[in-house]
Amino acid sequence: MANEKQKEMEQVFINDGYQLAADLSGQSSKAEVIAKIRQLYHQIDLLTDSFMDYSQRNGRAMDCRMGCSWCCYQSVFASTHEVLVIEDYLATHFSKEVIGGIKVAAAEKAERTKAVANKDLLKMQGACPLLKNGVCMVYPVRPMACRIYLSSDVNTCIDKFNRPGHKDAKPALFAFMMDAGQHMNYGFVSGLLEKQLISNEAPLEWLLHQFLNDRDNFEKWLNGKELNQAFEFDQKPD
C-alpha cells in the first residue's frame, strides 16, 4: 500500500513538471522558456517552504541557508535548460570580467573532472565555478539539484566534505524533497522533449565551460539542436 501511495505521489510531481513544459507554445521564445523554468523553480521552492515548516514542527529543522557552502565542492549535475538560464542570468547581471573568471574556473574544473572515469568523478571535490566568497553567484536560478539538496544537520555535510568518497559520510538529507524535485524535473524535461527541446544532464562545469563560450546556444537549442550529451550514470562509485 505504501509503495502505491509513493508511486501516486511521484506521478503527481512528474505531471506538475510536465504540464509546465507542455504549456509552452510550439515556437517558444527565450523569454517564455526562461519564465517556465523560473516557474518550475518557484513551485519547488514553495513545496520546500511548506515541507520545512512541517518538518520543523516535527522536530527536524533544515540546517541549509544561503552562505552555507559545504555541498558546493562536490559533483553537481545540471540539465541543458538549467545552464542556459544560468548563462542568461550571468549575461544580464555580471560584467564580462566576472564572467571571464567563471569561464576560467569552469574550464579548470572541467579539465580535472573529464580526466577521470565517470564512477570516480562522483568522488571528486572542488569548488563550484559559480561559488564566490562562500556564496552562490546565481542563487535565484541555481539548478534543481542544488535546490533539493537539503540537510537537517550541517555536521553531516562537513563530514562528507572532509571525507569525500567515504560510504559512511552521508549528509542527513530530506529524501522527500530529493524525490519531489527529481520527479518534477523529469516531468519538465519530458515535456520539453515533446516540443523538440532536448535537455540532457551533465556535470555543471562541463556545461558552463561549453555554453559560456557560445552566446548563440539558446537560439540553437530553441531551433532543436541537442547541445550536449547525457552523462552516463550506469557505473556506481565504489
# chains A, B, ... in the order shown; residues from 1 in each chain; ligands from 1
call {"tool": "select_by_dssp", "arguments": {"residues": "segment 40-149 of chain A", "states": "helix (DSSP H, G or I)", "output": "PyMOL selection string"}}
result
chain A and resi 40-57+70-73+80-93+96-113+118-121+139-141+144-147
call {"tool": "select_by_dssp", "arguments": {"residues": "segment 17-141 of chain A", "states": "strand (DSSP E)", "output": "list in words"}}
result
Phe77, Ala78, Ser79, Leu131, Lys132, Val135 and Cys136 of chain A
call {"tool": "closest_atom_pairs", "arguments": {"of": "segment 100-167 of chain A", "to": "segment 55-61 of chain A", "cutoff": "9 Å", "atoms": "only C-alpha atoms", "output": "JSON lines"}}
result
{"residue": "A:Ser151", "atom": "CA", "partner": "A:Ala61", "partner_atom": "CA", "distance": 8.7}
{"residue": "A:Ser152", "atom": "CA", "partner": "A:Ala61", "partner_atom": "CA", "distance": 5.7}
{"residue": "A:Asp153", "atom": "CA", "partner": "A:Ala61", "partner_atom": "CA", "distance": 8.4}
call {"tool": "closest_residue", "arguments": {"among": "A:His209, A:Arg215, A:His93, A:Lys5", "to": "Ala106 of chain A", "atoms": "only C-alpha atoms"}}
result
A:His209
call {"tool": "residues_around", "arguments": {"residues": "segment 200-205 of chain A", "least_positions_apart": "2", "cutoff": "6 Å", "atoms": "only C-alpha atoms", "output": "PyMOL selection string"}}
result
chain A and resi 76-80+106+110+207-209+230-231
call {"tool": "residues_around", "arguments": {"residues": "Asp88 of chain A", "least_positions_apart": "4", "cutoff": "12 Å", "atoms": "only C-alpha atoms", "output": "count of residues only"}}
result
23
call {"tool": "closest_residue", "arguments": {"among": "A:Asn223, A:Asn185, A:Gln74, A:Gln27", "to": "Leu131 of chain A", "atoms": "only C-alpha atoms"}}
result
A:Gln74
call {"tool": "atom_distance", "arguments": {"atom1": "atom CA of Ile148 of chain A", "atom2": "atom CA of Val189 of chain A"}}
result
16.8 Å
call {"tool": "residues_around", "arguments": {"residues": "Ala22 of chain A", "least_positions_apart": "4", "cutoff": "8 Å", "atoms": "only C-alpha atoms", "output": "count of residues only"}}
result
5
